[in-house]
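Q: Dropping in protein_38.cif, which is mmCIF, C-alpha atoms (C1' of nucleotides):
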data_my_file
#
loop_
_atom_site.label_atom_id
_atom_site.label_comp_id
_atom_site.auth_asym_id
_atom_site.auth_seq_id
_atom_site.Cartn_x
_atom_site.Cartn_y
_atom_site.Cartn_z
CA MET S 1 -52.55 50.97 32.40
CA ALA S 2 -52.45 47.69 34.24
CA THR S 3 -49.72 48.35 36.79
CA ARG S 4 -50.07 50.69 39.76
CA LYS S 5 -47.74 53.66 39.58
CA ARG S 6 -45.12 53.84 42.33
CA ALA S 7 -44.14 57.15 43.93
CA PRO S 8 -40.78 58.39 42.63
CA GLY S 9 -38.01 56.78 44.61
CA GLY S 10 -40.44 54.34 46.16
CA SER S 11 -39.08 50.85 46.44
CA ILE S 12 -40.73 47.59 47.30
CA LYS S 13 -38.41 47.23 50.27
CA THR S 14 -39.72 50.42 51.77
CA ASN S 15 -43.28 49.25 51.41
CA GLU S 16 -42.53 46.00 53.16
CA ARG S 17 -40.61 47.69 55.86
CA LEU S 18 -43.57 49.92 56.62
CA ARG S 19 -45.99 47.03 56.50
CA ALA S 20 -43.79 45.00 58.81
CA ALA S 21 -43.91 47.90 61.24
CA GLY S 22 -47.68 47.88 61.11
CA LEU S 23 -47.92 51.12 59.16
CA ARG S 24 -49.83 51.60 55.95
CA PRO S 25 -47.42 52.45 53.19
CA THR S 26 -48.91 55.75 52.17
CA ARG S 27 -47.21 58.01 49.67
CA GLN S 28 -45.84 60.39 52.29
CA ARG S 29 -44.66 57.69 54.71
CA ARG S 30 -42.87 56.03 51.80
CA ALA S 31 -41.22 59.29 50.80
CA LEU S 32 -40.05 60.00 54.34
CA ALA S 33 -38.87 56.44 54.90
CA GLU S 34 -36.81 56.61 51.71
CA LEU S 35 -35.17 59.83 52.83
CA LEU S 36 -34.50 58.44 56.26
CA PHE S 37 -33.34 54.91 55.63
CA GLN S 38 -31.82 54.93 52.18
CA HIS S 39 -28.45 56.40 52.96
CA GLY S 40 -27.00 54.91 56.14
CA HIS S 41 -27.62 56.25 59.61
CA ARG S 42 -28.88 59.75 60.06
CA HIS S 43 -29.94 62.28 62.67
CA VAL S 44 -32.80 64.52 61.66
CA THR S 45 -35.12 67.11 63.11
CA ALA S 46 -38.70 67.43 61.90
CA GLU S 47 -37.91 70.75 60.30
CA LEU S 48 -34.92 69.34 58.44
CA LEU S 49 -36.75 66.29 57.15
CA HIS S 50 -39.63 68.45 56.04
CA GLN S 51 -37.26 70.66 54.05
CA GLU S 52 -35.54 67.65 52.52
CA ALA S 53 -38.84 66.22 51.41
CA LYS S 54 -39.72 69.51 49.79
CA ASP S 55 -36.36 69.71 48.06
CA ALA S 56 -36.78 66.19 46.77
CA GLY S 57 -40.06 67.18 45.22
CA TYR S 58 -42.33 65.33 47.65
CA SER S 59 -45.15 67.33 49.08
CA VAL S 60 -45.59 66.40 52.71
CA SER S 61 -47.02 68.69 55.34
CA LEU S 62 -45.09 69.46 58.47
CA ALA S 63 -47.82 67.89 60.59
CA THR S 64 -47.38 64.67 58.67
CA VAL S 65 -43.64 64.75 59.22
CA TYR S 66 -44.24 65.00 62.96
CA ASN S 67 -46.80 62.23 62.84
CA ALA S 68 -44.53 59.98 60.86
CA LEU S 69 -41.51 60.58 63.07
CA HIS S 70 -43.49 59.59 66.11
CA GLN S 71 -45.05 56.59 64.45
CA PHE S 72 -41.67 55.40 63.19
CA THR S 73 -40.28 55.86 66.67
CA GLN S 74 -43.05 53.86 68.26
CA ALA S 75 -42.59 51.16 65.67
CA GLY S 76 -38.92 50.94 66.59
CA LEU S 77 -37.65 52.29 63.29
CA LEU S 78 -36.28 55.43 64.92
CA GLN S 79 -34.94 56.52 68.26
CA GLN S 80 -35.41 59.91 69.79
CA VAL S 81 -32.27 61.59 71.05
CA ILE S 82 -32.57 64.31 73.65
CA VAL S 83 -29.74 66.79 73.73
CA GLU S 84 -31.44 70.17 73.65
CA PRO S 85 -34.41 71.50 75.51
CA SER S 86 -35.51 73.37 72.41
CA HIS S 87 -36.03 70.62 69.84
CA SER S 88 -35.86 66.93 69.05
CA TYR S 89 -33.56 64.76 67.03
CA PHE S 90 -34.46 61.39 65.58
CA ASP S 91 -31.83 58.77 64.93
CA THR S 92 -32.12 56.01 62.36
CA ASN S 93 -29.66 53.95 64.36
CA VAL S 94 -31.81 52.12 66.87
CA ASN S 95 -29.07 49.93 68.32
CA PRO S 96 -27.80 50.89 71.75
CA HIS S 97 -25.11 53.49 71.21
CA GLN S 98 -23.99 56.90 72.41
CA HIS S 99 -23.59 60.38 70.97
CA PHE S 100 -21.25 63.27 70.62
CA TYR S 101 -23.08 66.57 70.61
CA ASP S 102 -21.57 69.87 69.60
CA GLU S 103 -23.72 72.66 70.99
CA ALA S 104 -22.13 75.31 68.83
CA ASP S 105 -23.12 73.87 65.48
CA ARG S 106 -25.88 71.63 66.84
CA ARG S 107 -24.34 68.55 65.32
CA LEU S 108 -25.04 65.09 66.63
CA THR S 109 -22.71 62.18 65.84
CA ASP S 110 -22.89 58.53 66.72
CA ILE S 111 -20.09 57.22 68.87
CA SER S 112 -18.92 53.98 67.37
CA ALA S 113 -16.59 53.00 70.19
CA ASP S 114 -17.68 50.48 72.74
CA ILE S 115 -18.49 52.54 75.79
CA SER S 116 -19.32 50.84 79.02
CA VAL S 117 -21.01 52.36 82.00
CA SER S 118 -20.20 50.64 85.25
CA GLY S 119 -21.31 51.19 88.79
CA LEU S 120 -24.95 51.72 87.98
CA PRO S 121 -26.94 51.52 91.20
CA GLN S 122 -30.26 49.78 91.64
CA PRO S 123 -33.06 51.94 90.32
CA PRO S 124 -35.48 53.30 92.94
CA LYS S 125 -37.83 50.72 94.42
CA GLY S 126 -40.66 49.79 92.11
CA THR S 127 -38.90 50.95 88.97
CA LYS S 128 -36.70 49.36 86.37
CA ILE S 129 -34.06 50.76 84.04
CA GLU S 130 -35.40 51.38 80.60
CA ARG S 131 -32.41 52.93 78.91
CA VAL S 132 -29.12 54.59 79.73
CA ASP S 133 -28.44 57.70 77.68
CA VAL S 134 -24.89 58.92 77.34
CA VAL S 135 -24.24 62.25 75.65
CA VAL S 136 -20.68 63.47 75.31
CA ARG S 137 -20.82 67.22 74.90
CA ILE S 138 -17.96 68.59 72.88
CA ARG S 139 -16.84 72.00 71.76
CA ARG S 140 -14.26 73.46 69.45
CA ALA S 141 -10.93 73.17 71.23
CA MET H 1 -35.14 103.07 111.76
CA ALA H 2 -31.42 102.79 111.52
CA THR H 3 -31.07 99.32 110.09
CA ARG H 4 -32.09 98.31 106.59
CA LYS H 5 -34.95 95.88 106.54
CA ARG H 6 -34.09 92.46 105.22
CA ALA H 7 -36.50 90.56 102.99
CA PRO H 8 -38.26 87.80 104.89
CA GLY H 9 -36.08 84.74 104.92
CA GLY H 10 -33.14 86.70 103.62
CA SER H 11 -29.87 85.76 105.27
CA ILE H 12 -26.46 87.34 105.21
CA LYS H 13 -25.04 84.13 103.80
CA THR H 14 -27.27 84.38 100.76
CA ASN H 15 -26.16 87.93 100.14
CA GLU H 16 -22.53 86.96 100.25
CA ARG H 17 -23.06 83.98 98.08
CA LEU H 18 -24.64 86.15 95.42
CA ARG H 19 -21.94 88.78 95.71
CA ALA H 20 -19.26 86.12 95.43
CA ALA H 21 -20.91 84.99 92.22
CA GLY H 22 -20.76 88.51 90.87
CA LEU H 23 -24.50 89.08 91.17
CA ARG H 24 -26.14 92.00 92.89
CA PRO H 25 -28.15 90.70 95.81
CA THR H 26 -31.51 92.08 94.80
CA ARG H 27 -34.66 91.21 96.65
CA GLN H 28 -35.82 88.71 94.06
CA ARG H 29 -32.48 87.00 93.58
CA ARG H 30 -32.22 86.64 97.33
CA ALA H 31 -35.67 85.11 97.53
CA LEU H 32 -34.95 82.63 94.76
CA ALA H 33 -31.55 81.74 96.15
CA GLU H 34 -33.09 81.01 99.53
CA LEU H 35 -35.65 78.72 97.97
CA LEU H 36 -33.02 76.98 95.92
CA PHE H 37 -30.13 76.57 98.29
CA GLN H 38 -31.61 76.46 101.74
CA HIS H 39 -32.77 72.88 101.83
CA GLY H 40 -30.22 70.53 100.28
CA HIS H 41 -30.01 69.66 96.63
CA ARG H 42 -32.98 70.25 94.40
CA HIS H 43 -34.17 69.96 90.83
CA VAL H 44 -36.48 72.72 89.68
CA THR H 45 -38.14 74.01 86.57
CA ALA H 46 -38.75 77.70 86.05
CA GLU H 47 -42.46 77.19 86.42
CA LEU H 48 -42.07 75.28 89.68
CA LEU H 49 -39.72 77.81 91.23
CA HIS H 50 -42.02 80.62 90.19
CA GLN H 51 -44.93 78.94 91.90
CA GLU H 52 -42.90 78.27 95.03
CA ALA H 53 -41.88 81.89 95.22
CA LYS H 54 -45.50 82.94 94.95
CA ASP H 55 -46.55 80.47 97.61
CA ALA H 56 -43.83 81.74 99.90
CA GLY H 57 -45.20 85.24 99.53
CA TYR H 58 -42.41 86.62 97.37
CA SER H 59 -43.50 88.48 94.30
CA VAL H 60 -41.17 87.62 91.46
CA SER H 61 -42.13 87.67 87.81
CA LEU H 62 -41.67 84.63 85.64
CA ALA H 63 -39.23 86.52 83.42
CA THR H 64 -37.10 87.20 86.47
CA VAL H 65 -37.13 83.55 87.43
CA TYR H 66 -35.82 82.66 83.99
CA ASN H 67 -33.21 85.40 84.16
CA ALA H 68 -32.06 84.31 87.60
CA LEU H 69 -31.87 80.62 86.69
CA HIS H 70 -29.64 81.43 83.75
CA GLN H 71 -27.50 83.83 85.71
CA PHE H 72 -27.10 81.32 88.54
CA THR H 73 -26.17 78.70 85.99
CA GLN H 74 -23.56 80.89 84.37
CA ALA H 75 -22.19 81.74 87.76
CA GLY H 76 -21.77 78.04 88.51
CA LEU H 77 -24.41 77.96 91.22
CA LEU H 78 -26.69 75.72 89.17
CA GLN H 79 -26.41 73.13 86.45
CA GLN H 80 -28.88 72.61 83.67
CA VAL H 81 -30.06 69.05 83.16
CA ILE H 82 -31.49 68.05 79.82
CA VAL H 83 -33.89 65.12 79.89
CA GLU H 84 -36.93 66.33 77.97
CA PRO H 85 -37.27 68.23 74.76
CA SER H 86 -40.13 70.20 76.23
CA HIS H 87 -38.63 71.91 79.23
CA SER H 88 -35.56 72.50 81.39
CA TYR H 89 -34.49 71.38 84.79
CA PHE H 90 -31.95 73.12 86.97
CA ASP H 91 -29.96 71.25 89.56
CA THR H 92 -28.45 72.79 92.68
CA ASN H 93 -25.89 70.01 92.75
CA VAL H 94 -23.10 71.27 90.54
CA ASN H 95 -20.67 68.43 91.22
CA PRO H 96 -20.24 65.88 88.47
CA HIS H 97 -22.96 63.31 88.93
CA GLN H 98 -25.66 61.44 87.05
CA HIS H 99 -29.43 61.23 87.08
CA PHE H 100 -32.35 58.89 87.15
CA TYR H 101 -35.27 60.18 85.18
CA ASP H 102 -38.79 58.83 85.34
CA GLU H 103 -40.67 59.95 82.28
CA ALA H 104 -44.05 59.00 83.68
CA ASP H 105 -44.00 61.36 86.65
CA ARG H 106 -41.26 63.62 85.30
CA ARG H 107 -39.12 63.12 88.34
CA LEU H 108 -35.41 63.66 88.32
CA THR H 109 -33.17 62.14 91.01
CA ASP H 110 -29.47 62.39 91.60
CA ILE H 111 -27.55 59.14 91.41
CA SER H 112 -25.24 59.01 94.35
CA ALA H 113 -23.33 55.92 93.26
CA ASP H 114 -19.94 56.24 91.66
CA ILE H 115 -20.60 55.59 88.01
CA SER H 116 -17.71 55.32 85.63
CA VAL H 117 -17.85 55.58 81.90
CA SER H 118 -15.05 53.78 80.15
CA GLY H 119 -14.13 53.38 76.53
CA LEU H 120 -14.74 56.99 75.59
CA PRO H 121 -13.17 57.58 72.18
CA GLN H 122 -11.22 60.64 71.16
CA PRO H 123 -13.59 63.46 70.33
CA PRO H 124 -13.68 64.55 66.68
CA LYS H 125 -10.62 66.42 65.48
CA GLY H 126 -10.52 70.01 66.64
CA THR H 127 -12.92 69.46 69.51
CA LYS H 128 -12.60 68.62 73.16
CA ILE H 129 -14.91 66.95 75.62
CA GLU H 130 -16.77 69.42 77.75
CA ARG H 131 -19.02 67.15 79.75
CA VAL H 132 -20.39 63.63 79.75
CA ASP H 133 -24.07 63.44 80.57
CA VAL H 134 -25.51 60.17 81.79
CA VAL H 135 -29.27 59.83 82.20
CA VAL H 136 -30.71 56.57 83.39
CA ARG H 137 -34.29 56.43 82.23
CA ILE H 138 -36.50 54.41 84.51
CA ARG H 139 -40.12 53.42 84.58
CA ARG H 140 -42.50 51.75 86.95
CA ALA H 141 -41.71 48.06 86.88
"C1'" DT G 1 -66.94 50.29 42.34
"C1'" DT G 2 -68.82 51.18 47.23
"C1'" DG G 3 -68.33 52.12 51.76
"C1'" DC G 4 -65.56 52.30 55.90
"C1'" DT G 5 -61.33 53.43 58.07
"C1'" DT G 6 -57.01 55.53 58.22
"C1'" DT G 7 -54.22 59.25 56.91
"C1'" DT G 8 -53.16 63.82 55.52
"C1'" DT G 9 -53.63 68.61 55.70
"C1'" DA G 10 -53.82 73.77 56.61
"C1'" DG G 11 -54.22 76.50 59.95
"C1'" DA G 12 -55.24 77.46 64.68
"C1'" DA G 13 -53.80 76.59 69.25
"C1'" DT G 14 -50.51 75.55 72.85
"C1'" DC G 15 -46.49 75.51 75.65
"C1'" DG G 16 -42.17 76.78 77.34
"C1'" DT G 17 -39.12 80.32 76.78
"C1'" DT G 18 -37.15 84.82 75.23
"C1'" DC G 19 -37.59 89.57 74.06
"C1'" DT G 20 -38.95 94.45 74.64
"C1'" DA G 21 -39.09 98.83 76.41
"C1'" DA G 22 -40.56 101.18 80.37
"C1'" DA G 23 -40.50 101.48 85.40
"C1'" DT G 24 -38.01 100.44 89.50
"C1'" DT G 25 -34.14 99.38 92.36
"C1'" DT G 26 -29.38 99.35 93.59
"C1'" DC G 27 -25.15 101.37 94.10
"C1'" DT G 28 -22.14 104.92 93.87
"C1'" DT G 29 -20.35 109.62 94.85
"C1'" DG G 30 -20.97 114.17 96.71
"C1'" DC B 1 -29.10 111.82 102.73
"C1'" DA B 2 -29.65 113.36 97.56
"C1'" DA B 3 -28.73 112.81 92.76
"C1'" DG B 4 -27.38 110.33 88.84
"C1'" DA B 5 -25.84 106.31 86.41
"C1'" DA B 6 -26.18 101.59 85.69
"C1'" DA B 7 -28.29 97.25 86.54
"C1'" DT B 8 -32.52 94.83 87.33
"C1'" DT B 9 -37.31 93.80 87.16
"C1'" DT B 10 -41.59 93.62 84.94
"C1'" DA B 11 -45.90 92.83 82.06
"C1'" DG B 12 -47.00 91.60 78.06
"C1'" DA B 13 -45.84 90.74 73.33
"C1'" DA B 14 -43.32 87.68 70.45
"C1'" DC B 15 -41.25 83.44 69.26
"C1'" DG B 16 -40.26 78.65 67.72
"C1'" DA B 17 -41.17 73.99 68.14
"C1'" DT B 18 -44.76 71.04 68.53
"C1'" DT B 19 -49.62 69.42 68.89
"C1'" DC B 20 -54.38 69.74 67.86
"C1'" DT B 21 -58.56 70.27 64.95
"C1'" DA B 22 -61.91 69.05 61.90
"C1'" DA B 23 -62.49 68.55 57.13
"C1'" DA B 24 -60.72 66.54 52.72
"C1'" DA B 25 -58.25 62.76 50.61
"C1'" DA B 26 -56.39 58.26 50.14
"C1'" DG B 27 -56.11 53.31 51.14
"C1'" DC B 28 -58.24 49.00 51.34
"C1'" DA B 29 -61.51 45.07 51.55
"C1'" DA B 30 -65.43 43.12 49.48
#
Please re-express this file's structure in structure tokens.
A:
Amino acid sequence: MATRKRAPGGSIKTNERLRAAGLRPTRQRRALAELLFQHGHRHVTAELLHQEAKDAGYSVSLATVYNALHQFTQAGLLQQVIVEPSHSYFDTNVNPHQHFYDEADRRLTDISADISVSGLPQPPKGTKIERVDVVVRIRRA
Amino acid sequence: MATRKRAPGGSIKTNERLRAAGLRPTRQRRALAELLFQHGHRHVTAELLHQEAKDAGYSVSLATVYNALHQFTQAGLLQQVIVEPSHSYFDTNVNPHQHFYDEADRRLTDISADISVSGLPQPPKGTKIERVDVVVRIRRA
DNA sequence: TTGCTTTTTAGAATCGTTCTAAATTTCTTG
DNA sequence: CAAGAAATTTAGAACGATTCTAAAAAGCAA
């Protein structure tokens, strides 16, 4: 066979995307990237992504899922969203935006509206603002 | 001895405050309340408060510190602030306000300025907004 | 291919937090 | 003040998410 076999679901675009981010396109990174970026914006936990990979027939260890999520985040492909002290969400939408969070069913949703935060004071001397996180906590009415 | 001995540092005000919150003023709750509320607004973790109690000569188990922090929170004496996936902060300032958070030294500071968030959309059908959390992440410039 | 480097992996370890069941304390009521 | 009931505290085990380890596997350049 002359051509290299491509992992199921693997696309050239995914490979390039990984390369562009400075990450070797390994089989498991490709699989995870496909799951993450193929279907619009998503919010995942490590556990969830790991399960999805399994269900899709990819074999990826949980440790690798954690590694990949952090590498993707550092590469700017993902953003971490902090809404619970107990575990982490990763968001494929890396543009500045805000979230609704429902504590009851642990669901995170992007807010599409244009929120503006005004009246921000100067940050403490010697520091600069890195990011402004806005989480709108909601509950069943 | 006719009068009941009061725990060191224990004040009548603390007793009443606990009673008003529907909590029995036990020795350990009194000790923790004194540490928390005696010196202006504070941000503590369970671990930190536990250590402080030890240092102050009170003997309070870590489990009790956790219990008390949650009870105080439910009673409206404290507010939980979520800025890290790894652990929880509790804030003695229960008025609506926002925070600076420095990830490098894990320091949380109240923002005293009057921040306003505008452009909030309707929450998803069947839900209502419970709280809007604003965390301004800062780092050494 | 060969060799060198990066990545993956299973499983152990860690960390903050919660749980458990027994001992202690508090708060009645007599 | 004593006795009993209920709430609280406690040490230590258990837990769940995450990180670490060190050995095996895969990727890549020549």
Q: Could you write out as a list in words the residues that the PyMOL selection byres ((chain B) within 9 of (chain S)) matches in the shown file?
A: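 The output of the PyMOL selection byres ((chain B) within 9 of (chain S)) on this file is DG16, DA17, DT18, DT19, DA26 and DG27 of chain B.
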Q: Run the PyMOL selection byres ((chain S and resi 105-112) around 10) mentally over the shown coordinates, then write out the matched residues as a VMD selection string, using the chain letters and numbers from the document.
A: (chain S and resid 41 to 44 81 83 to 84 89 91 93 97 to 104 113 to 115 134 to 140) or (chain H and resid 120 to 124)
Q: Name the residues that the PyMOL selection byres ((chain S and resi 28) around 12) picks from the file above, as a ChimeraX atom specification, using the file's chain letters and numbers.
A: /S:6-10,14-15,18,23-27,29-35,49-50,53-54,57-69 /G:7-9 /B:26
Q: Which residue is closest to chain H? Choose from G:DA22, G:DC27, G:DC4, G:DA13 and count all atoms listed in the file.
A: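 Residue with the minimum atom-to-atom distance to chain H: G:DC27.
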Q: Which residues of chain G come within 12 Å of chain H, and for each one, what is the closest pair of atoms and their distance in Å to one decimal, counting only C-alpha atoms (C1' of nucleotides), sorted by chain and residue number, as CSV?
A:
residue,atom,partner,partner_atom,distance
G:DC15,C1',H:Ser86,CA,8.3
G:DG16,C1',H:His87,CA,6.3
G:DT17,C1',H:Tyr66,CA,8.3
G:DT18,C1',H:Ala63,CA,8.6
G:DC19,C1',H:Ala63,CA,10.0
G:DT20,C1',H:Ala63,CA,11.8
G:DT24,C1',H:Thr26,CA,11.8
G:DT25,C1',H:Thr26,CA,8.1
G:DT26,C1',H:Thr26,CA,7.7
G:DC27,C1',H:Arg24,CA,9.5
Q: In Å, how far is it from atom C1' of G:DA23 to atom C1' of B:DA3?
A: 17.9 Å
Q: Report, in Å to a single decimal, how far apart atom CA of H:Ser116 and atom CA of H:Ala141 are.
A: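 If I compute the distance from atom CA of H:Ala141 to atom CA of H:Ser116, I get 25.1 Å.
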Q: Could you check how far atom CA of S:Gln38 sits from atom CA of S:Phe72, in Å to one decimal?
A: 14.8 Å
Q: Pick out the closest residue to chain S from this set: H:Gln51, H:Gln80, H:Thr73, H:Thr92. Count only C-alpha atoms.
A: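 That would be H:Gln80, the residue with the smallest distance to chain S.
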Q: Which residue is closest to chain S? Choose from H:Arg17, H:Pro96, H:Ile82, H:Phe90 and count only C-alpha atoms.
A: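 Ranked by minimum distance to chain S, first place goes to H:Ile82.
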